[in-house]
file model25.txt (compact mmCIF, C-alpha atoms and all ligand atoms)
# COMPACT_ATOMS: atom_id res chain seq x y z
CA MET U 1 5.22 -2.78 -36.79
CA SER U 2 8.99 -2.99 -36.51
CA PRO U 3 10.35 -2.49 -33.01
CA VAL U 4 11.65 0.92 -31.99
CA THR U 5 15.41 1.25 -32.27
CA LYS U 6 17.90 3.48 -30.55
CA GLU U 7 18.36 5.38 -33.82
CA ASP U 8 14.59 6.07 -33.98
CA VAL U 9 14.68 7.40 -30.44
CA LEU U 10 17.70 9.61 -31.17
CA ARG U 11 15.92 10.91 -34.26
CA ALA U 12 12.87 11.85 -32.18
CA LEU U 13 15.11 13.46 -29.59
CA GLY U 14 16.75 15.39 -32.40
CA GLN U 15 13.52 17.39 -32.66
CA VAL U 16 13.92 18.71 -29.12
CA VAL U 17 15.84 21.96 -29.22
CA VAL U 18 17.81 23.50 -26.36
CA PRO U 19 16.60 27.12 -26.40
CA GLU U 20 19.95 28.54 -25.20
CA ASP U 21 22.09 27.32 -28.07
CA GLY U 22 19.59 26.41 -30.78
CA LYS U 23 21.04 22.89 -31.00
CA ASP U 24 18.98 19.80 -30.28
CA VAL U 25 19.51 17.71 -27.18
CA VAL U 26 21.50 15.06 -29.07
CA GLU U 27 23.86 17.55 -30.70
CA SER U 28 24.35 19.25 -27.34
CA GLY U 29 25.66 16.01 -25.92
CA LEU U 30 22.96 15.89 -23.27
CA ILE U 31 21.87 12.34 -24.01
CA ASP U 32 23.69 9.95 -21.80
CA GLY U 33 22.07 6.69 -22.69
CA VAL U 34 19.06 5.07 -24.35
CA ALA U 35 17.67 1.73 -23.28
CA ILE U 36 14.75 0.02 -24.99
CA LYS U 37 12.84 -3.00 -23.83
CA ASP U 38 9.62 -4.13 -25.47
CA GLY U 39 8.69 -0.61 -26.50
CA ASN U 40 9.53 0.79 -23.06
CA VAL U 41 12.12 3.47 -23.59
CA HIS U 42 14.41 4.87 -20.92
CA VAL U 43 16.59 7.82 -21.73
CA SER U 44 19.08 9.42 -19.39
CA MET U 45 20.13 13.01 -19.82
CA THR U 46 23.21 14.45 -18.20
CA ALA U 47 22.77 17.45 -15.95
CA GLY U 48 25.73 19.07 -14.22
CA ASP U 49 24.46 19.47 -10.69
CA THR U 50 21.17 19.82 -8.89
CA GLU U 51 20.74 23.44 -10.01
CA ALA U 52 21.39 22.55 -13.63
CA ALA U 53 18.99 19.64 -13.32
CA LYS U 54 16.25 22.05 -12.22
CA ALA U 55 16.88 24.27 -15.22
CA LEU U 56 16.77 21.27 -17.55
CA GLU U 57 13.42 20.02 -16.28
CA PRO U 58 11.34 21.61 -19.10
CA LEU U 59 13.73 20.08 -21.62
CA ARG U 60 13.46 16.69 -19.95
CA GLN U 61 9.69 16.88 -20.17
CA ALA U 62 9.84 17.90 -23.83
CA ALA U 63 12.18 14.97 -24.56
CA GLN U 64 9.87 12.59 -22.73
CA ARG U 65 6.87 13.83 -24.69
CA ALA U 66 8.78 13.46 -27.96
CA VAL U 67 9.69 9.85 -27.21
CA ALA U 68 6.25 8.98 -25.83
CA ALA U 69 4.65 10.26 -29.05
CA MET U 70 6.64 7.83 -31.21
CA ALA U 71 4.80 4.96 -32.86
CA GLY U 72 5.58 1.69 -31.15
CA VAL U 73 6.57 3.25 -27.83
CA THR U 74 4.51 1.95 -24.92
CA SER U 75 6.20 3.99 -22.21
CA ALA U 76 8.84 6.66 -22.14
CA THR U 77 10.92 7.80 -19.21
CA VAL U 78 13.55 10.47 -19.48
CA ILE U 79 15.59 11.09 -16.38
CA LEU U 80 18.21 13.63 -15.47
CA THR U 81 21.37 12.25 -13.97
CA ALA U 82 22.79 14.96 -11.74
CA GLU U 83 26.37 13.91 -12.35
CA ARG U 84 28.78 14.49 -15.19
CA PRO U 85 30.30 11.46 -16.84
CA ARG U 86 33.68 10.83 -15.23
CA PRO U 87 36.77 11.79 -17.23
CA ALA U 88 38.36 8.84 -19.00
CA ALA U 89 41.44 9.01 -16.79
CA ALA U 90 39.43 8.68 -13.60
CA LYS U 91 39.58 5.47 -11.62
CA PRO U 92 37.11 3.04 -13.18
CA GLU U 93 33.94 2.91 -11.16
CA PRO U 94 30.50 1.63 -11.98
CA ALA U 95 29.39 4.27 -14.43
CA PRO U 96 26.51 6.44 -13.31
CA ALA U 97 24.53 5.17 -16.25
CA GLY U 98 21.16 6.53 -15.28
CA ARG U 99 18.62 3.75 -15.24
CA PRO U 100 19.69 1.17 -17.74
CA ALA U 101 16.93 -1.36 -18.25
CA VAL U 102 17.68 -4.96 -17.38
CA PRO U 103 16.93 -7.15 -20.38
CA GLY U 104 14.19 -9.68 -19.75
CA ILE U 105 12.60 -7.89 -16.80
CA ARG U 106 9.28 -6.35 -17.68
CA HIS U 107 8.43 -4.43 -14.52
CA MET U 108 10.52 -3.55 -11.52
CA VAL U 109 8.47 -2.62 -8.51
CA ALA U 110 10.12 -1.24 -5.38
CA VAL U 111 8.57 -1.81 -1.98
CA GLY U 112 9.54 1.03 0.32
CA SER U 113 8.60 2.49 3.65
CA GLY U 114 9.31 5.72 5.45
CA LYS U 115 10.75 3.85 8.41
CA GLY U 116 11.68 0.39 9.62
CA GLY U 117 9.52 -2.13 11.38
CA VAL U 118 6.28 -1.47 9.53
CA GLY U 119 6.34 -4.83 7.76
CA LYS U 120 7.90 -3.75 4.48
CA SER U 121 9.89 -6.96 3.96
CA THR U 122 6.98 -9.17 5.03
CA THR U 123 4.81 -7.34 2.52
CA ALA U 124 7.43 -7.58 -0.24
CA VAL U 125 7.80 -11.33 0.26
CA ASN U 126 4.09 -12.08 0.37
CA LEU U 127 3.37 -9.70 -2.49
CA ALA U 128 5.94 -11.56 -4.62
CA MET U 129 4.31 -14.89 -3.76
CA ALA U 130 0.85 -13.47 -4.44
CA LEU U 131 1.94 -12.22 -7.86
CA ALA U 132 3.35 -15.67 -8.61
CA GLN U 133 0.01 -17.19 -7.65
CA LEU U 134 -1.63 -14.73 -10.02
CA GLY U 135 0.37 -16.32 -12.83
CA GLN U 136 3.32 -13.97 -13.03
CA ARG U 137 6.97 -14.89 -13.44
CA VAL U 138 8.37 -13.22 -10.37
CA GLY U 139 11.76 -12.32 -8.95
CA LEU U 140 12.47 -10.88 -5.55
CA LEU U 141 15.49 -8.71 -4.93
CA ASP U 142 16.44 -7.96 -1.36
CA ALA U 143 18.06 -4.55 -1.61
CA ASP U 144 17.68 -3.96 2.12
CA ILE U 145 21.42 -3.79 2.56
CA TYR U 146 21.15 -2.78 6.20
CA GLY U 147 19.18 -5.81 7.26
CA PRO U 148 18.72 -8.35 4.50
CA SER U 149 15.97 -10.55 5.89
CA LEU U 150 14.63 -12.26 2.79
CA PRO U 151 16.80 -15.40 3.00
CA ARG U 152 15.33 -16.07 6.45
CA MET U 153 11.77 -15.15 5.49
CA MET U 154 11.94 -17.36 2.41
CA GLY U 155 13.68 -20.17 4.24
CA ILE U 156 16.66 -20.13 1.88
CA THR U 157 20.12 -21.18 3.00
CA GLY U 158 23.33 -21.61 1.02
CA LYS U 159 24.96 -19.39 -1.52
CA PRO U 160 24.05 -18.61 -5.12
CA LYS U 161 26.04 -20.53 -7.71
CA THR U 162 27.54 -19.50 -10.99
CA GLN U 163 27.77 -21.42 -14.23
CA ASP U 164 30.19 -19.27 -16.15
CA GLY U 165 32.21 -17.79 -13.30
CA LYS U 166 30.77 -14.37 -14.12
CA LYS U 167 27.05 -14.24 -13.49
CA LEU U 168 25.21 -15.57 -10.48
CA LEU U 169 22.19 -17.81 -10.67
CA PRO U 170 19.44 -16.51 -8.40
CA MET U 171 18.26 -18.79 -5.61
CA GLU U 172 14.71 -20.02 -5.87
CA ALA U 173 11.94 -20.67 -3.38
CA PHE U 174 8.24 -21.32 -3.91
CA GLY U 175 8.65 -20.64 -7.62
CA VAL U 176 10.12 -17.18 -7.09
CA LYS U 177 13.71 -16.27 -7.99
CA VAL U 178 15.49 -14.58 -5.12
CA MET U 179 18.68 -12.60 -4.72
CA SER U 180 19.82 -10.94 -1.52
CA MET U 181 22.91 -9.32 -0.09
CA GLY U 182 22.21 -11.70 2.76
CA PHE U 183 23.49 -14.55 0.57
CA LEU U 184 26.76 -12.81 0.01
CA ILE U 185 27.57 -11.25 3.36
CA ASP U 186 27.53 -12.58 6.87
CA GLU U 187 24.20 -11.59 8.43
CA ASP U 188 25.93 -10.58 11.66
CA ALA U 189 28.84 -8.72 10.11
CA PRO U 190 28.45 -4.99 10.56
CA MET U 191 28.82 -3.12 7.29
CA ILE U 192 29.08 0.54 6.57
CA TRP U 193 27.58 1.29 3.21
CA ARG U 194 28.86 4.29 1.34
CA GLY U 195 27.16 5.75 -1.73
CA PRO U 196 29.33 4.10 -4.42
CA MET U 197 29.09 0.75 -2.64
CA VAL U 198 25.32 0.92 -2.62
CA GLN U 199 25.39 1.65 -6.29
CA SER U 200 27.73 -1.14 -7.22
CA ALA U 201 26.02 -3.71 -5.00
CA LEU U 202 22.71 -2.88 -6.59
CA GLN U 203 24.17 -2.88 -10.06
CA GLN U 204 25.60 -6.33 -9.42
CA MET U 205 22.39 -7.73 -8.03
CA LEU U 206 20.53 -6.48 -11.08
CA GLY U 207 23.04 -6.84 -13.89
CA ASP U 208 25.24 -9.72 -12.76
CA VAL U 209 22.43 -12.10 -11.89
CA LEU U 210 20.81 -14.36 -14.46
CA TRP U 211 17.22 -13.37 -13.75
CA GLY U 212 15.93 -14.69 -17.04
CA GLU U 213 12.51 -13.57 -18.24
CA LEU U 214 10.44 -11.99 -15.48
CA ASP U 215 7.09 -10.25 -15.51
CA VAL U 216 7.82 -8.52 -12.22
CA LEU U 217 10.90 -8.06 -10.09
CA VAL U 218 9.84 -7.00 -6.60
CA ILE U 219 12.60 -5.02 -4.91
CA ASP U 220 12.65 -4.76 -1.13
CA LEU U 221 14.31 -1.41 -0.46
CA PRO U 222 15.99 -0.45 2.80
CA PRO U 223 13.53 1.38 5.09
CA GLY U 224 13.62 5.15 5.18
CA THR U 225 14.32 7.95 2.77
CA GLY U 226 18.07 8.49 3.07
CA ASP U 227 20.84 8.55 0.52
CA ALA U 228 20.90 4.82 -0.14
CA GLN U 229 17.19 4.72 -0.89
CA LEU U 230 17.40 7.79 -3.10
CA THR U 231 20.32 6.30 -5.02
CA MET U 232 18.38 3.11 -5.60
CA ALA U 233 15.24 4.94 -6.67
CA GLN U 234 17.34 6.94 -9.09
CA ARG U 235 19.44 4.13 -10.48
CA VAL U 236 16.92 1.37 -11.00
CA PRO U 237 14.51 1.59 -13.95
CA LEU U 238 11.50 1.21 -11.71
CA SER U 239 8.00 0.91 -13.12
CA GLY U 240 6.77 2.13 -9.78
CA ALA U 241 6.91 2.02 -6.01
CA VAL U 242 4.62 0.50 -3.41
CA ILE U 243 4.66 2.24 -0.02
CA VAL U 244 4.00 0.21 3.10
CA SER U 245 2.77 1.96 6.23
CA THR U 246 1.10 1.11 9.49
CA PRO U 247 -1.99 3.20 10.27
CA GLN U 248 -0.64 5.48 13.01
CA ASP U 249 -0.21 9.17 12.19
CA ILE U 250 3.47 9.04 13.01
CA ALA U 251 4.10 6.20 10.57
CA LEU U 252 2.02 7.91 7.92
CA LEU U 253 4.14 11.00 8.25
CA ASP U 254 7.11 8.88 7.22
CA ALA U 255 5.09 7.25 4.44
CA ARG U 256 4.49 10.71 3.02
CA LYS U 257 8.23 11.33 3.00
CA ALA U 258 8.67 8.12 1.03
CA ILE U 259 5.98 9.15 -1.48
CA ASN U 260 7.72 12.49 -1.94
CA MET U 261 11.11 10.86 -2.35
CA PHE U 262 9.95 8.65 -5.21
CA ARG U 263 8.13 11.49 -6.88
CA LYS U 264 11.20 13.69 -6.66
CA VAL U 265 13.09 11.22 -8.83
CA ASP U 266 10.13 10.61 -11.15
CA VAL U 267 9.28 7.12 -9.98
CA PRO U 268 5.51 6.62 -10.17
CA VAL U 269 4.01 5.78 -6.78
CA LEU U 270 1.71 2.84 -7.49
CA GLY U 271 -0.01 3.20 -4.13
CA VAL U 272 -0.02 2.60 -0.40
CA VAL U 273 -0.55 -0.64 1.54
CA GLU U 274 -1.83 -0.40 5.11
CA ASN U 275 -0.09 -3.12 7.12
CA MET U 276 -1.21 -4.17 10.59
CA ALA U 277 -4.48 -2.47 9.71
CA TYR U 278 -6.46 -4.31 12.39
CA TYR U 279 -6.15 -7.23 14.74
CA CYS U 280 -8.54 -10.13 14.52
CA CYS U 281 -8.75 -12.10 17.76
CA PRO U 282 -8.19 -15.74 16.83
CA ASN U 283 -10.46 -16.86 19.69
CA CYS U 284 -13.55 -14.70 19.40
CA GLY U 285 -13.08 -13.11 15.98
CA HIS U 286 -13.31 -9.63 17.48
CA ARG U 287 -11.67 -6.99 15.32
CA ALA U 288 -9.56 -4.41 17.16
CA GLU U 289 -7.99 -1.44 15.44
CA ILE U 290 -4.87 -1.27 17.52
CA PHE U 291 -3.05 1.44 15.60
CA GLY U 292 -6.17 3.20 14.37
CA HIS U 293 -7.41 2.43 10.89
CA GLY U 294 -7.90 4.02 7.52
CA GLY U 295 -5.01 6.46 7.77
CA ALA U 296 -3.18 4.95 4.82
CA ARG U 297 -6.28 5.19 2.64
CA ALA U 298 -6.65 8.85 3.58
CA THR U 299 -2.95 9.45 2.89
CA ALA U 300 -3.24 7.74 -0.49
CA GLU U 301 -6.21 9.93 -1.37
CA ARG U 302 -4.50 13.08 -0.22
CA TYR U 303 -1.43 12.27 -2.27
CA GLU U 304 -3.54 11.23 -5.25
CA THR U 305 -2.26 7.72 -5.38
CA ALA U 306 -4.03 4.37 -5.11
CA PHE U 307 -4.90 2.61 -1.89
CA LEU U 308 -3.67 -0.90 -2.63
CA GLY U 309 -5.27 -2.68 0.30
CA GLU U 310 -4.96 -3.55 3.94
CA ILE U 311 -3.25 -6.44 5.68
CA PRO U 312 -4.37 -7.45 9.18
CA LEU U 313 -2.03 -7.88 12.13
CA THR U 314 -2.03 -11.59 12.84
CA LEU U 315 0.09 -14.07 14.66
CA GLU U 316 0.14 -16.35 11.61
CA ILE U 317 1.73 -13.70 9.42
CA ARG U 318 4.53 -13.20 11.94
CA GLU U 319 5.03 -16.88 12.65
CA THR U 320 5.08 -18.00 9.03
CA SER U 321 7.40 -15.15 8.16
CA ASP U 322 9.85 -16.15 10.90
CA ALA U 323 9.58 -19.81 9.89
CA GLY U 324 10.58 -19.12 6.29
CA THR U 325 7.20 -20.19 4.91
CA PRO U 326 5.34 -17.00 3.98
CA ILE U 327 1.60 -17.15 4.65
CA VAL U 328 0.63 -16.77 0.99
CA VAL U 329 2.27 -20.13 0.24
CA SER U 330 1.82 -21.90 3.57
CA ALA U 331 -1.88 -21.01 3.91
CA PRO U 332 -3.03 -19.95 0.44
CA GLU U 333 -6.69 -20.37 1.41
CA SER U 334 -6.43 -18.01 4.39
CA ALA U 335 -8.00 -14.55 4.51
CA GLN U 336 -4.50 -13.11 4.95
CA ALA U 337 -3.24 -14.73 1.74
CA ALA U 338 -6.33 -13.40 -0.04
CA ALA U 339 -5.51 -9.92 1.29
CA TYR U 340 -2.02 -10.13 -0.21
CA ARG U 341 -3.41 -11.39 -3.54
CA SER U 342 -5.80 -8.49 -3.56
CA VAL U 343 -2.83 -6.14 -3.10
CA GLY U 344 -1.12 -8.00 -5.97
CA GLU U 345 -4.11 -7.39 -8.22
CA ALA U 346 -4.20 -3.73 -7.23
CA VAL U 347 -0.51 -3.44 -8.12
CA GLY U 348 -1.35 -4.95 -11.52
CA VAL U 349 -4.07 -2.37 -12.04
CA ALA U 350 -1.75 0.44 -10.94
CA LEU U 351 0.90 -0.76 -13.41
CA SER U 352 -1.66 -0.86 -16.19
CA GLY U 353 -2.53 2.77 -15.42
CA ARG U 354 0.79 3.45 -17.05
CA LYS U 355 1.07 2.90 -20.74
CA ALA U 356 2.90 -0.40 -20.47
CA LYS U 357 0.60 -3.40 -20.54
CA PRO U 358 -0.04 -4.93 -17.12
CA PHE U 359 0.53 -8.57 -16.42
CA PRO U 360 0.14 -10.59 -19.57
CA ARG U 361 -1.49 -13.66 -18.08
CA ILE U 362 -3.67 -13.46 -15.01
CA VAL U 363 -4.66 -16.92 -13.84
CA TYR U 364 -5.89 -17.83 -10.42
CA ALA U 365 -4.14 -20.49 -8.41
P1 LIG Y 1 10.36 -3.95 7.93
O1 LIG Y 1 10.84 -4.61 6.68
O2 LIG Y 1 9.41 -2.82 7.68
O3 LIG Y 1 11.45 -3.56 8.87
P2 LIG Y 1 9.41 -6.60 8.69
O4 LIG Y 1 8.71 -7.05 7.47
O5 LIG Y 1 10.76 -7.14 9.00
O6 LIG Y 1 9.47 -5.01 8.73
O7 LIG Y 1 8.42 -6.85 9.91
C1 LIG Y 1 8.74 -6.53 11.23
C2 LIG Y 1 8.11 -7.56 12.14
O8 LIG Y 1 6.70 -7.44 12.08
C3 LIG Y 1 8.43 -9.00 11.76
O9 LIG Y 1 8.61 -9.75 12.93
C4 LIG Y 1 7.21 -9.46 10.99
O10 LIG Y 1 6.99 -10.86 11.13
C5 LIG Y 1 6.11 -8.70 11.70
N1 LIG Y 1 4.97 -8.39 10.82
C6 LIG Y 1 4.96 -7.71 9.67
N2 LIG Y 1 3.71 -7.60 9.18
C7 LIG Y 1 2.90 -8.24 10.04
C8 LIG Y 1 1.48 -8.50 10.09
N3 LIG Y 1 0.66 -8.04 9.16
N4 LIG Y 1 1.03 -9.24 11.15
C9 LIG Y 1 1.87 -9.69 12.11
N5 LIG Y 1 3.18 -9.47 12.12
C10 LIG Y 1 3.71 -8.76 11.10

call {"tool": "encode", "arguments": {"input": "model25.txt", "output": "structure tokens"}}
result
Amino acid sequence: MSPVTKEDVLRALGQVVVPEDGKDVVESGLIDGVAIKDGNVHVSMTAGDTEAAKALEPLRQAAQRAVAAMAGVTSATVILTAERPRPAAAKPEPAPAGRPAVPGIRHMVAVGSGKGGVGKSTTAVNLAMALAQLGQRVGLLDADIYGPSLPRMMGITGKPKTQDGKKLLPMEAFGVKVMSMGFLIDEDAPMIWRGPMVQSALQQMLGDVLWGELDVLVIDLPPGTGDAQLTMAQRVPLSGAVIVSTPQDIALLDARKAINMFRKVDVPVLGVVENMAYYCCPNCGHRAEIFGHGGARATAERYETAFLGEIPLTLEIRETSDAGTPIVVSAPESAQAAAYRSVGEAVGVALSGRKAKPFPRIVYA
């Protein structure tokens, strides 16, 4: 079967009629962009403002159904961009181009949390390593602009290089390609991030980096559910989001906010990871549930998403993380590394729940 082209997609969209004016969505100028990658189709539709976006929701769904029904389409996402294209005379800025796909990257998975300090970055790093051990070609993007910690956690120093003076080569550690704002800015320099800066930084880290062919790009988002996070969730063509939470009620409350944020912008929530689920005494093996236990599983059930697994609270996880040698690579035989691999497998299953094929080659290290 020949691959789906932009023209095919526009033809399918031409069947979706705007009830108000009898024209189809293409004629009405509502289609902002079409991106196709391996049968995964992303379409962005322009909506004026939030109110207009609400009114256009049925049309968005109809457009998504029309594209999804096409032969050769494995997944279809139509999103509404709640901004008008800027007039040509306006100062050039990174165009609000919806969620353009990044060529060569099969799945982008965001790791988010409702608040800081729950172990989101630690989970993102070890999840990336676990996926690599499961045979995936993995990239790790540190989008935590407020506190980029991946260079330290991965033990990477130095700055990314460029071959052509235009695009950056990602750094690499333990077989995973890594890019972080931390490589480009001084870790101690205070920065105030405004909306357009967040957008352009992210755009650069995605589009101006030679990622090459990746099965999964794990994206460590800033903690919380503010503007920066929302912008990222909206702008990046995410296959889904993984929510990290500790088991206490108060943390879970924030996790719920994160779930709702992703859903609001149509990013599938792949599931919830319970971090610091229990403490295993290294001396006597006694298991203590310091923050309670099972809350994340209950939250996942209540919000009809998957429970991706639990990670214990252990000294080794903290120490290896601080030392720049994540536990999954420094102690691959440990129970903790196995716990992260199990989360990696669950993420694979959650991705396969969507139409796109999950990881192509699962091999055990
Ligand atoms: P976040 O990204 O949510 O702010 P981090 O990943 O930076 O959180 O983790 C915060 C601190 O908790 C770090 O010192 C990290 O080493 C530690 N940590 C995270 N997960 C665990 C765990 N499962 N066991 C022990 N320490 C952990």

call {"tool": "residues_around", "arguments": {"input": "model25.txt", "residues": "U:Val178", "least_positions_apart": "3", "cutoff": "7 Å", "atoms": "all atoms listed in the file", "output": "ChimeraX atom specification"}}
result
/U:139-141,170-172

call {"tool": "residues_around", "arguments": {"input": "model25.txt", "residues": "U:Gly212", "least_positions_apart": "4", "cutoff": "12 Å", "atoms": "all atoms listed in the file", "output": "ChimeraX atom specification"}}
result
/U:102-106,137-139,167-170,176-178,206-208,216-217

call {"tool": "write_last_selection", "arguments": {"input": "model25.txt", "atoms": "C-alpha atoms", "output": "PDB file, in the frame of the given file"}}
result
ATOM      1  CA  VAL U 102      17.680  -4.960 -17.380  1.00  0.00           C
ATOM      2  CA  PRO U 103      16.930  -7.150 -20.380  1.00  0.00           C
ATOM      3  CA  GLY U 104      14.190  -9.680 -19.750  1.00  0.00           C
ATOM      4  CA  ILE U 105      12.600  -7.890 -16.800  1.00  0.00           C
ATOM      5  CA  ARG U 106       9.280  -6.350 -17.680  1.00  0.00           C
ATOM      6  CA  ARG U 137       6.970 -14.890 -13.440  1.00  0.00           C
ATOM      7  CA  VAL U 138       8.370 -13.220 -10.370  1.00  0.00           C
ATOM      8  CA  GLY U 139      11.760 -12.320  -8.950  1.00  0.00           C
ATOM      9  CA  LYS U 167      27.050 -14.240 -13.490  1.00  0.00           C
ATOM     10  CA  LEU U 168      25.210 -15.570 -10.480  1.00  0.00           C
ATOM     11  CA  LEU U 169      22.190 -17.810 -10.670  1.00  0.00           C
ATOM     12  CA  PRO U 170      19.440 -16.510  -8.400  1.00  0.00           C
ATOM     13  CA  VAL U 176      10.120 -17.180  -7.090  1.00  0.00           C
ATOM     14  CA  LYS U 177      13.710 -16.270  -7.990  1.00  0.00           C
ATOM     15  CA  VAL U 178      15.490 -14.580  -5.120  1.00  0.00           C
ATOM     16  CA  LEU U 206      20.530  -6.480 -11.080  1.00  0.00           C
ATOM     17  CA  GLY U 207      23.040  -6.840 -13.890  1.00  0.00           C
ATOM     18  CA  ASP U 208      25.240  -9.720 -12.760  1.00  0.00           C
ATOM     19  CA  VAL U 216       7.820  -8.520 -12.220  1.00  0.00           C
ATOM     20  CA  LEU U 217      10.900  -8.060 -10.090  1.00  0.00           C
TER      21      LEU U 217
END

call {"tool": "atom_distance", "arguments": {"input": "model25.txt", "atom1": "atom CA of U:Ala53", "atom2": "atom CA of U:Val4"}}
result
27.4 Å

call {"tool": "atom_distance", "arguments": {"input": "model25.txt", "atom1": "atom CA of U:Leu238", "atom2": "atom CA of U:His107"}}
result
7.0 Å

call {"tool": "atom_distance", "arguments": {"input": "model25.txt", "atom1": "atom CA of U:Gly295", "atom2": "atom CA of U:Asp254"}}
result
12.4 Å

call {"tool": "residues_near_ligand", "arguments": {"input": "model25.txt", "ligand": "ligand LIG 1 (chain Y)", "cutoff": "10 Å", "atoms": "only C-alpha atoms and all ligand atoms", "output": "number ranges by chain"}}
result
U: 111-126, 144, 147-150, 153, 220-224, 244-246, 274-279, 310-323, 326, 336, 340

call {"tool": "closest_residue", "arguments": {"input": "model25.txt", "among": "U:Ala63, U:Val273, U:Val265, U:Ala55", "to": "U:Val26", "atoms": "all atoms listed in the file"}}
result
U:Ala63
